[in-house]
>>> print(open('start10.tsv').read())   # TSV, C-alpha atoms
chain	number	residue	atom	x	y	z
A	1	MET	CA	-1.95	-20.37	-16.49
A	2	ASN	CA	-0.81	-17.48	-18.67
A	3	LEU	CA	-0.79	-14.94	-15.87
A	4	ARG	CA	-0.61	-11.83	-18.03
A	5	GLU	CA	-3.54	-12.93	-20.19
A	6	THR	CA	-5.54	-13.95	-17.13
A	7	LEU	CA	-5.01	-10.53	-15.55
A	8	LEU	CA	-6.01	-8.72	-18.72
A	9	ALA	CA	-9.05	-10.91	-19.43
A	10	VAL	CA	-11.32	-9.65	-16.63
A	11	HIS	CA	-10.93	-7.14	-13.83
A	12	SER	CA	-13.04	-8.43	-10.96
A	13	ARG	CA	-12.75	-9.67	-7.42
A	14	ALA	CA	-13.45	-13.19	-8.65
A	15	GLN	CA	-10.59	-12.96	-11.14
A	16	SER	CA	-8.29	-11.56	-8.47
A	17	ASP	CA	-9.25	-14.42	-6.14
A	18	LYS	CA	-8.56	-16.90	-8.94
A	19	VAL	CA	-5.02	-15.53	-9.33
A	20	VAL	CA	-4.41	-15.53	-5.57
A	21	LYS	CA	-5.59	-19.14	-5.34
A	22	TRP	CA	-3.32	-20.10	-8.26
A	23	ILE	CA	-0.35	-18.45	-6.52
A	24	GLY	CA	-1.09	-20.06	-3.15
A	25	ASN	CA	2.19	-20.04	-1.26
A	26	SER	CA	4.33	-20.59	-4.37
A	27	GLN	CA	7.25	-18.17	-4.41
A	28	GLU	CA	7.82	-18.87	-8.10
A	29	ARG	CA	4.25	-17.97	-9.06
A	30	PHE	CA	4.31	-14.90	-6.82
A	31	ASP	CA	7.58	-13.83	-8.46
A	32	ALA	CA	5.85	-13.94	-11.85
A	33	LEU	CA	3.04	-11.73	-10.54
A	34	PHE	CA	5.54	-9.34	-8.94
A	35	LYS	CA	7.41	-9.03	-12.24
A	36	LEU	CA	4.18	-7.95	-13.95
A	37	PHE	CA	3.36	-5.58	-11.07
A	38	THR	CA	6.71	-3.81	-11.45
A	39	GLY	CA	6.69	-3.87	-15.25
A	40	ASN	CA	6.02	-1.05	-17.69
A	41	GLU	CA	2.47	-1.72	-18.86
A	42	ASP	CA	0.03	0.40	-16.88
A	43	ARG	CA	-2.94	-1.85	-17.53
A	44	VAL	CA	-1.05	-4.97	-16.48
A	45	ILE	CA	0.33	-3.17	-13.40
A	46	SER	CA	-3.13	-2.08	-12.35
A	47	ARG	CA	-4.54	-5.58	-12.85
A	48	ALA	CA	-1.65	-7.25	-11.01
A	49	ALA	CA	-1.87	-4.89	-8.01
A	50	TRP	CA	-5.07	-6.24	-6.49
A	51	PRO	CA	-4.16	-9.95	-6.45
A	52	LEU	CA	-0.65	-9.05	-5.31
A	53	SER	CA	-2.03	-7.33	-2.22
A	54	TYR	CA	-4.25	-10.30	-1.37
A	55	ALA	CA	-1.47	-12.82	-2.02
A	56	VAL	CA	0.81	-10.94	0.40
A	57	GLN	CA	-1.93	-10.71	3.02
A	58	ALA	CA	-2.38	-14.49	2.79
A	59	HIS	CA	1.36	-15.26	2.65
A	60	PRO	CA	3.45	-12.27	3.85
A	61	GLU	CA	6.68	-14.22	3.40
A	62	LEU	CA	6.25	-14.03	-0.40
A	63	ILE	CA	7.15	-10.32	-0.48
A	64	HIS	CA	10.33	-10.61	1.61
A	65	LYS	CA	12.77	-11.17	-1.24
A	66	HIS	CA	11.15	-8.33	-3.21
A	67	PHE	CA	10.75	-5.83	-0.41
A	68	SER	CA	13.46	-3.44	-1.53
A	69	LYS	CA	12.05	-3.29	-5.07
A	70	PHE	CA	8.51	-3.10	-3.65
A	71	VAL	CA	9.43	0.08	-1.77
A	72	ARG	CA	11.54	1.53	-4.62
A	73	ASN	CA	8.60	1.01	-6.95
A	74	LEU	CA	6.72	3.74	-5.04
A	75	ARG	CA	9.30	6.27	-6.32
A	76	ARG	CA	8.52	5.58	-9.96
A	77	PRO	CA	7.29	8.67	-11.78
A	78	ASN	CA	3.64	8.46	-12.81
A	79	LEU	CA	3.10	5.24	-10.90
A	80	HIS	CA	-0.38	3.87	-11.51
A	81	ASP	CA	-2.81	4.65	-8.67
A	82	ALA	CA	-3.65	0.96	-8.30
A	83	ALA	CA	0.01	0.20	-7.61
A	84	LYS	CA	0.21	2.91	-4.95
A	85	ARG	CA	-3.11	1.96	-3.39
A	86	ASN	CA	-2.34	-1.75	-3.18
A	87	THR	CA	1.23	-1.21	-2.00
A	88	MET	CA	-0.10	0.94	0.85
A	89	ARG	CA	-2.78	-1.68	1.54
A	90	VAL	CA	-0.03	-4.28	1.94
A	91	LEU	CA	2.16	-2.03	4.08
A	92	GLN	CA	-0.65	-1.41	6.56
A	93	GLU	CA	-1.03	-5.17	7.11
A	94	ILE	CA	2.55	-6.42	7.39
A	95	SER	CA	5.56	-5.86	9.58
A	96	ILE	CA	7.83	-3.40	7.77
A	97	PRO	CA	11.54	-4.20	8.00
A	98	LYS	CA	13.32	-1.57	10.08
A	99	ARG	CA	15.65	-0.43	7.29
A	100	PHE	CA	12.67	0.63	5.14
A	101	GLN	CA	10.60	2.35	7.82
A	102	GLY	CA	12.03	5.86	7.36
A	103	GLU	CA	11.56	5.84	3.61
A	104	ILE	CA	8.03	4.50	3.95
A	105	MET	CA	7.20	7.17	6.56
A	106	ASN	CA	8.40	9.88	4.17
A	107	THR	CA	6.38	8.40	1.31
A	108	CYS	CA	3.25	8.23	3.46
A	109	PHE	CA	3.64	11.83	4.64
A	110	THR	CA	4.08	12.89	0.99
A	111	TYR	CA	0.93	11.05	-0.02
A	112	ILE	CA	-1.27	12.41	2.77
A	113	SER	CA	-0.03	15.96	2.13
A	114	ASP	CA	-0.66	15.87	-1.62
A	115	PRO	CA	-4.04	17.40	-2.51
A	116	ALA	CA	-4.04	15.49	-5.81
A	117	GLU	CA	-3.49	12.05	-4.24
A	118	LYS	CA	-6.38	9.57	-4.36
A	119	PRO	CA	-8.43	9.07	-1.15
A	120	ALA	CA	-7.65	5.34	-0.78
A	121	VAL	CA	-3.90	5.94	-1.06
A	122	LYS	CA	-4.18	8.61	1.64
A	123	ALA	CA	-6.34	6.45	3.91
A	124	PHE	CA	-3.98	3.47	3.69
A	125	SER	CA	-0.99	5.79	4.20
A	126	LEU	CA	-2.59	7.13	7.38
A	127	THR	CA	-2.90	3.59	8.73
A	128	VAL	CA	0.72	2.82	7.85
A	129	LEU	CA	1.78	5.96	9.72
A	130	GLN	CA	-0.46	5.07	12.66
A	131	ASN	CA	1.24	1.67	12.87
A	132	LEU	CA	4.71	3.20	12.64
A	133	ALA	CA	3.85	5.87	15.23
A	134	ARG	CA	3.45	3.09	17.78
A	135	GLN	CA	7.15	2.36	17.32
A	136	TYR	CA	8.19	5.97	16.75
A	137	PRO	CA	6.19	8.23	19.06
A	138	ASP	CA	8.16	11.24	17.78
A	139	ILE	CA	6.16	11.25	14.52
A	140	ARG	CA	2.80	11.54	16.29
A	141	GLN	CA	2.92	15.32	16.53
A	142	GLU	CA	3.87	15.69	12.86
A	143	LEU	CA	1.07	13.31	11.92
A	144	LYS	CA	-1.40	15.34	13.97
A	145	LEU	CA	-0.28	18.58	12.30
A	146	VAL	CA	-0.57	17.15	8.80
A	147	ILE	CA	-4.02	15.71	9.54
A	148	GLU	CA	-5.21	19.05	10.88
A	149	SER	CA	-3.77	20.99	7.94
A	150	GLN	CA	-5.48	18.68	5.42
A	151	TRP	CA	-8.77	18.20	7.29
A	152	GLU	CA	-11.00	20.72	5.50
A	153	ASN	CA	-10.40	19.37	2.02
A	154	GLU	CA	-10.26	15.66	2.71
A	155	SER	CA	-12.46	12.70	1.86
A	156	PRO	CA	-14.66	10.81	4.33
A	157	ALA	CA	-12.15	7.90	4.19
A	158	PHE	CA	-9.32	10.20	5.25
A	159	LYS	CA	-11.39	11.77	8.03
A	160	SER	CA	-12.55	8.40	9.35
A	161	ARG	CA	-9.02	7.04	9.65
A	162	ALA	CA	-7.68	10.35	10.91
A	163	LYS	CA	-10.26	10.41	13.71
A	164	LYS	CA	-9.12	6.96	14.85
A	165	ILE	CA	-5.52	8.13	14.89
A	166	LEU	CA	-6.31	11.30	16.79
A	167	ARG	CA	-8.41	9.32	19.25
A	168	GLU	CA	-5.66	6.72	19.73
A	169	TYR	CA	-3.15	9.42	20.54
A	170	GLN	CA	-5.76	11.43	22.47
A	171	TYR	CA	-5.58	14.53	20.32
A	172	ARG	CA	-9.35	15.01	20.03
>>> encode(input="start10.tsv", output="structure tokens")
Amino acid sequence: MNLRETLLAVHSRAQSDKVVKWIGNSQERFDALFKLFTGNEDRVISRAAWPLSYAVQAHPELIHKHFSKFVRNLRRPNLHDAAKRNTMRVLQEISIPKRFQGEIMNTCFTYISDPAEKPAVKAFSLTVLQNLARQYPDIRQELKLVIESQWENESPAFKSRAKKILREYQYR
């Protein structure tokens, strides 16, 4: 399979599933997808993001060797929304190595505080923070304050996840 051409041919769930099935648990094939995901072509990045998130959900071990670059990728200027969204989707589903937790917390707080950030990125970031707050109860108060400060201008997706967080930590 020419992975790049396959990604660019059609953008659909079926096409994403086809790529995920092709990758299976192959580290080599996942590495090829990851290379495209962290490349410089916005369209390829956006098309690689969706199957990457599903491949990691199916086989979390595939991301281990790339985790540092996966997290660093979030710092890229003008990162495509699909890359942010699908990275956050992955991070809410997997165990985050301890050495990356602080950086990921900071990134999530930045995303949920940014009025220009897309709703899905914010919603996934909230869930990542909720998961991390179970390990780090000290961030719960900050999370509550940020949720409350953003509440009036947020999307239904943000509010739905925020309510669950506030309920879990008995703030509402």
>>> closest_residue(input="start10.tsv", among="A:Arg4, A:Arg47, A:Lys69, A:Arg161", to="Ala82 of chain A", atoms="only C-alpha atoms")
A:Arg47
>>> atom_distance(input="start10.tsv", atom1="atom CA of Ser68 of chain A", atom2="atom CA of Val19 of chain A")
23.4 Å
>>> residues_around(input="start10.tsv", residues="Gln57 of chain A", least_positions_apart="3", cutoff="9 Å", atoms="all atoms listed in the file", output="JSON list (two decimals) with C-alpha atoms, in the coordinates of the input")
[["chain", "number", "residue", "atom", "x", "y", "z"],
["A", 52, "LEU", "CA", -0.65, -9.05, -5.31],
["A", 53, "SER", "CA", -2.03, -7.33, -2.22],
["A", 54, "TYR", "CA", -4.25, -10.30, -1.37],
["A", 60, "PRO", "CA", 3.45, -12.27, 3.85],
["A", 90, "VAL", "CA", -0.03, -4.28, 1.94],
["A", 93, "GLU", "CA", -1.03, -5.17, 7.11],
["A", 94, "ILE", "CA", 2.55, -6.42, 7.39]]
>>> closest_residue(input="start10.tsv", among="A:Gly24, A:Arg43, A:Pro97, A:Asp31", to="His11 of chain A", atoms="all atoms listed in the file")
A:Arg43
>>> atom_distance(input="start10.tsv", atom1="atom CA of Ala116 of chain A", atom2="atom CA of Asn78 of chain A")
12.5 Å
>>> residues_around(input="start10.tsv", residues="Thr87 of chain A", least_positions_apart="3", cutoff="10 Å", atoms="only C-alpha atoms", output="list of chain:residue names")
A:Ala49, A:Trp50, A:Leu52, A:Ser53, A:Phe70, A:Val71, A:Asn73, A:Leu74, A:Asp81, A:Ala82, A:Ala83, A:Lys84, A:Val90, A:Leu91, A:Gln92, A:Val121, A:Phe124, A:Ser125
>>> closest_residue(input="start10.tsv", among="A:Ile45, A:Ile104, A:Arg89, A:Thr6", to="Arg72 of chain A", atoms="only C-alpha atoms")
A:Ile104
>>> closest_residue(input="start10.tsv", among="A:Glu41, A:Glu103, A:Glu154, A:Asp17", to="Pro115 of chain A", atoms="only C-alpha atoms")
A:Glu154
>>> atom_distance(input="start10.tsv", atom1="atom CA of Asp138 of chain A", atom2="atom CA of Ile112 of chain A")
17.8 Å
>>> decode(input="start10.tsv", residues="segment 91-134 of chain A", atoms="N, CA and C atoms", output="mmCIF file, in the first residue's frame")
data_model
loop_
_atom_site.group_PDB
_atom_site.id
_atom_site.type_symbol
_atom_site.label_atom_id
_atom_site.label_comp_id
_atom_site.auth_asym_id
_atom_site.auth_seq_id
_atom_site.Cartn_x
_atom_site.Cartn_y
_atom_site.Cartn_z
ATOM 1 N N LEU A 91 -4.478 10.811 23.893
ATOM 2 C CA LEU A 91 -4.009 11.030 25.262
ATOM 3 C C LEU A 91 -5.094 10.789 26.310
ATOM 4 N N GLN A 92 -6.349 10.931 25.932
ATOM 5 C CA GLN A 92 -7.415 10.667 26.897
ATOM 6 C C GLN A 92 -7.652 9.174 27.086
ATOM 7 N N GLU A 93 -7.122 8.358 26.174
ATOM 8 C CA GLU A 93 -7.377 6.921 26.195
ATOM 9 C C GLU A 93 -6.226 6.077 26.710
ATOM 10 N N ILE A 94 -5.024 6.658 26.773
ATOM 11 C CA ILE A 94 -3.852 5.850 27.123
ATOM 12 C C ILE A 94 -3.244 6.310 28.443
ATOM 13 N N SER A 95 -2.370 5.485 28.965
ATOM 14 C CA SER A 95 -1.613 5.850 30.156
ATOM 15 C C SER A 95 -0.444 6.727 29.711
ATOM 16 N N ILE A 96 -0.375 7.928 30.260
ATOM 17 C CA ILE A 96 0.660 8.884 29.868
ATOM 18 C C ILE A 96 1.893 8.657 30.748
ATOM 19 N N PRO A 97 3.041 8.432 30.126
ATOM 20 C CA PRO A 97 4.258 8.267 30.926
ATOM 21 C C PRO A 97 4.484 9.470 31.853
ATOM 22 N N LYS A 98 4.907 9.193 33.041
ATOM 23 C CA LYS A 98 5.050 10.199 34.096
ATOM 24 C C LYS A 98 5.867 11.408 33.648
ATOM 25 N N ARG A 99 6.948 11.181 32.915
ATOM 26 C CA ARG A 99 7.825 12.294 32.557
ATOM 27 C C ARG A 99 7.190 13.292 31.584
ATOM 28 N N PHE A 100 6.074 12.923 30.975
ATOM 29 C CA PHE A 100 5.386 13.819 30.042
ATOM 30 C C PHE A 100 4.140 14.455 30.649
ATOM 31 N N GLN A 101 3.742 14.029 31.822
ATOM 32 C CA GLN A 101 2.470 14.473 32.386
ATOM 33 C C GLN A 101 2.398 15.977 32.621
ATOM 34 N N GLY A 102 3.459 16.576 33.134
ATOM 35 C CA GLY A 102 3.447 18.015 33.392
ATOM 36 C C GLY A 102 3.301 18.817 32.117
ATOM 37 N N GLU A 103 4.050 18.460 31.117
ATOM 38 C CA GLU A 103 3.968 19.166 29.833
ATOM 39 C C GLU A 103 2.585 19.016 29.214
ATOM 40 N N ILE A 104 2.030 17.816 29.304
ATOM 41 C CA ILE A 104 0.699 17.591 28.737
ATOM 42 C C ILE A 104 -0.350 18.368 29.520
ATOM 43 N N MET A 105 -0.226 18.414 30.847
ATOM 44 C CA MET A 105 -1.153 19.233 31.645
ATOM 45 C C MET A 105 -1.121 20.681 31.173
ATOM 46 N N ASN A 106 0.085 21.229 31.031
ATOM 47 C CA ASN A 106 0.218 22.627 30.597
ATOM 48 C C ASN A 106 -0.410 22.846 29.232
ATOM 49 N N THR A 107 -0.180 21.919 28.321
ATOM 50 C CA THR A 107 -0.763 22.028 26.981
ATOM 51 C C THR A 107 -2.283 22.007 27.059
ATOM 52 N N CYS A 108 -2.829 21.102 27.855
ATOM 53 C CA CYS A 108 -4.287 21.002 27.985
ATOM 54 C C CYS A 108 -4.873 22.282 28.585
ATOM 55 N N PHE A 109 -4.243 22.808 29.621
ATOM 56 C CA PHE A 109 -4.736 24.057 30.215
ATOM 57 C C PHE A 109 -4.670 25.196 29.196
ATOM 58 N N THR A 110 -3.628 25.220 28.379
ATOM 59 C CA THR A 110 -3.524 26.239 27.326
ATOM 60 C C THR A 110 -4.673 26.096 26.344
ATOM 61 N N TYR A 111 -4.934 24.873 25.916
ATOM 62 C CA TYR A 111 -6.015 24.648 24.954
ATOM 63 C C TYR A 111 -7.381 25.044 25.516
ATOM 64 N N ILE A 112 -7.682 24.630 26.738
ATOM 65 C CA ILE A 112 -9.024 24.919 27.258
ATOM 66 C C ILE A 112 -9.204 26.393 27.603
ATOM 67 N N SER A 113 -8.106 27.121 27.750
ATOM 68 C CA SER A 113 -8.191 28.549 28.064
ATOM 69 C C SER A 113 -8.204 29.429 26.821
ATOM 70 N N ASP A 114 -7.925 28.860 25.672
ATOM 71 C CA ASP A 114 -7.811 29.627 24.436
ATOM 72 C C ASP A 114 -9.181 29.757 23.767
ATOM 73 N N PRO A 115 -9.717 30.982 23.706
ATOM 74 C CA PRO A 115 -11.040 31.167 23.086
ATOM 75 C C PRO A 115 -11.085 30.744 21.609
ATOM 76 N N ALA A 116 -9.944 30.740 20.949
ATOM 77 C CA ALA A 116 -9.917 30.403 19.525
ATOM 78 C C ALA A 116 -9.762 28.904 19.268
ATOM 79 N N GLU A 117 -9.516 28.123 20.316
ATOM 80 C CA GLU A 117 -9.300 26.688 20.118
ATOM 81 C C GLU A 117 -10.606 25.995 19.740
ATOM 82 N N LYS A 118 -10.505 24.962 18.928
ATOM 83 C CA LYS A 118 -11.669 24.208 18.458
ATOM 84 C C LYS A 118 -12.323 23.427 19.600
ATOM 85 N N PRO A 119 -13.652 23.285 19.564
ATOM 86 C CA PRO A 119 -14.375 22.596 20.643
ATOM 87 C C PRO A 119 -13.899 21.164 20.920
ATOM 88 N N ALA A 120 -13.616 20.393 19.890
ATOM 89 C CA ALA A 120 -13.196 18.996 20.123
ATOM 90 C C ALA A 120 -11.842 18.936 20.826
ATOM 91 N N VAL A 121 -10.937 19.827 20.472
ATOM 92 C CA VAL A 121 -9.623 19.868 21.129
ATOM 93 C C VAL A 121 -9.818 20.193 22.609
ATOM 94 N N LYS A 122 -10.690 21.146 22.892
ATOM 95 C CA LYS A 122 -10.966 21.517 24.285
ATOM 96 C C LYS A 122 -11.623 20.368 25.048
ATOM 97 N N ALA A 123 -12.597 19.729 24.428
ATOM 98 C CA ALA A 123 -13.307 18.632 25.106
ATOM 99 C C ALA A 123 -12.351 17.486 25.431
ATOM 100 N N PHE A 124 -11.528 17.091 24.467
ATOM 101 C CA PHE A 124 -10.564 16.017 24.726
ATOM 102 C C PHE A 124 -9.542 16.445 25.777
ATOM 103 N N SER A 125 -9.129 17.708 25.737
ATOM 104 C CA SER A 125 -8.173 18.218 26.732
ATOM 105 C C SER A 125 -8.767 18.167 28.130
ATOM 106 N N LEU A 126 -10.049 18.479 28.250
ATOM 107 C CA LEU A 126 -10.712 18.379 29.551
ATOM 108 C C LEU A 126 -10.640 16.950 30.090
ATOM 109 N N THR A 127 -10.887 15.977 29.231
ATOM 110 C CA THR A 127 -10.850 14.584 29.675
ATOM 111 C C THR A 127 -9.437 14.178 30.068
ATOM 112 N N VAL A 128 -8.436 14.629 29.328
ATOM 113 C CA VAL A 128 -7.044 14.336 29.691
ATOM 114 C C VAL A 128 -6.756 14.913 31.077
ATOM 115 N N LEU A 129 -7.187 16.156 31.304
ATOM 116 C CA LEU A 129 -6.969 16.775 32.613
ATOM 117 C C LEU A 129 -7.746 16.059 33.711
ATOM 118 N N GLN A 130 -8.954 15.633 33.416
ATOM 119 C CA GLN A 130 -9.739 14.871 34.392
ATOM 120 C C GLN A 130 -8.985 13.602 34.791
ATOM 121 N N ASN A 131 -8.433 12.902 33.809
ATOM 122 C CA ASN A 131 -7.681 11.684 34.092
ATOM 123 C C ASN A 131 -6.440 11.990 34.930
ATOM 124 N N LEU A 132 -5.741 13.048 34.586
ATOM 125 C CA LEU A 132 -4.525 13.406 35.326
ATOM 126 C C LEU A 132 -4.855 13.911 36.735
ATOM 127 N N ALA A 133 -6.000 14.548 36.888
ATOM 128 C CA ALA A 133 -6.397 15.057 38.214
ATOM 129 C C ALA A 133 -6.642 13.921 39.204
ATOM 130 N N ARG A 134 -6.890 12.743 38.720
ATOM 131 C CA ARG A 134 -7.031 11.591 39.617
ATOM 132 C C ARG A 134 -5.690 11.247 40.254
#
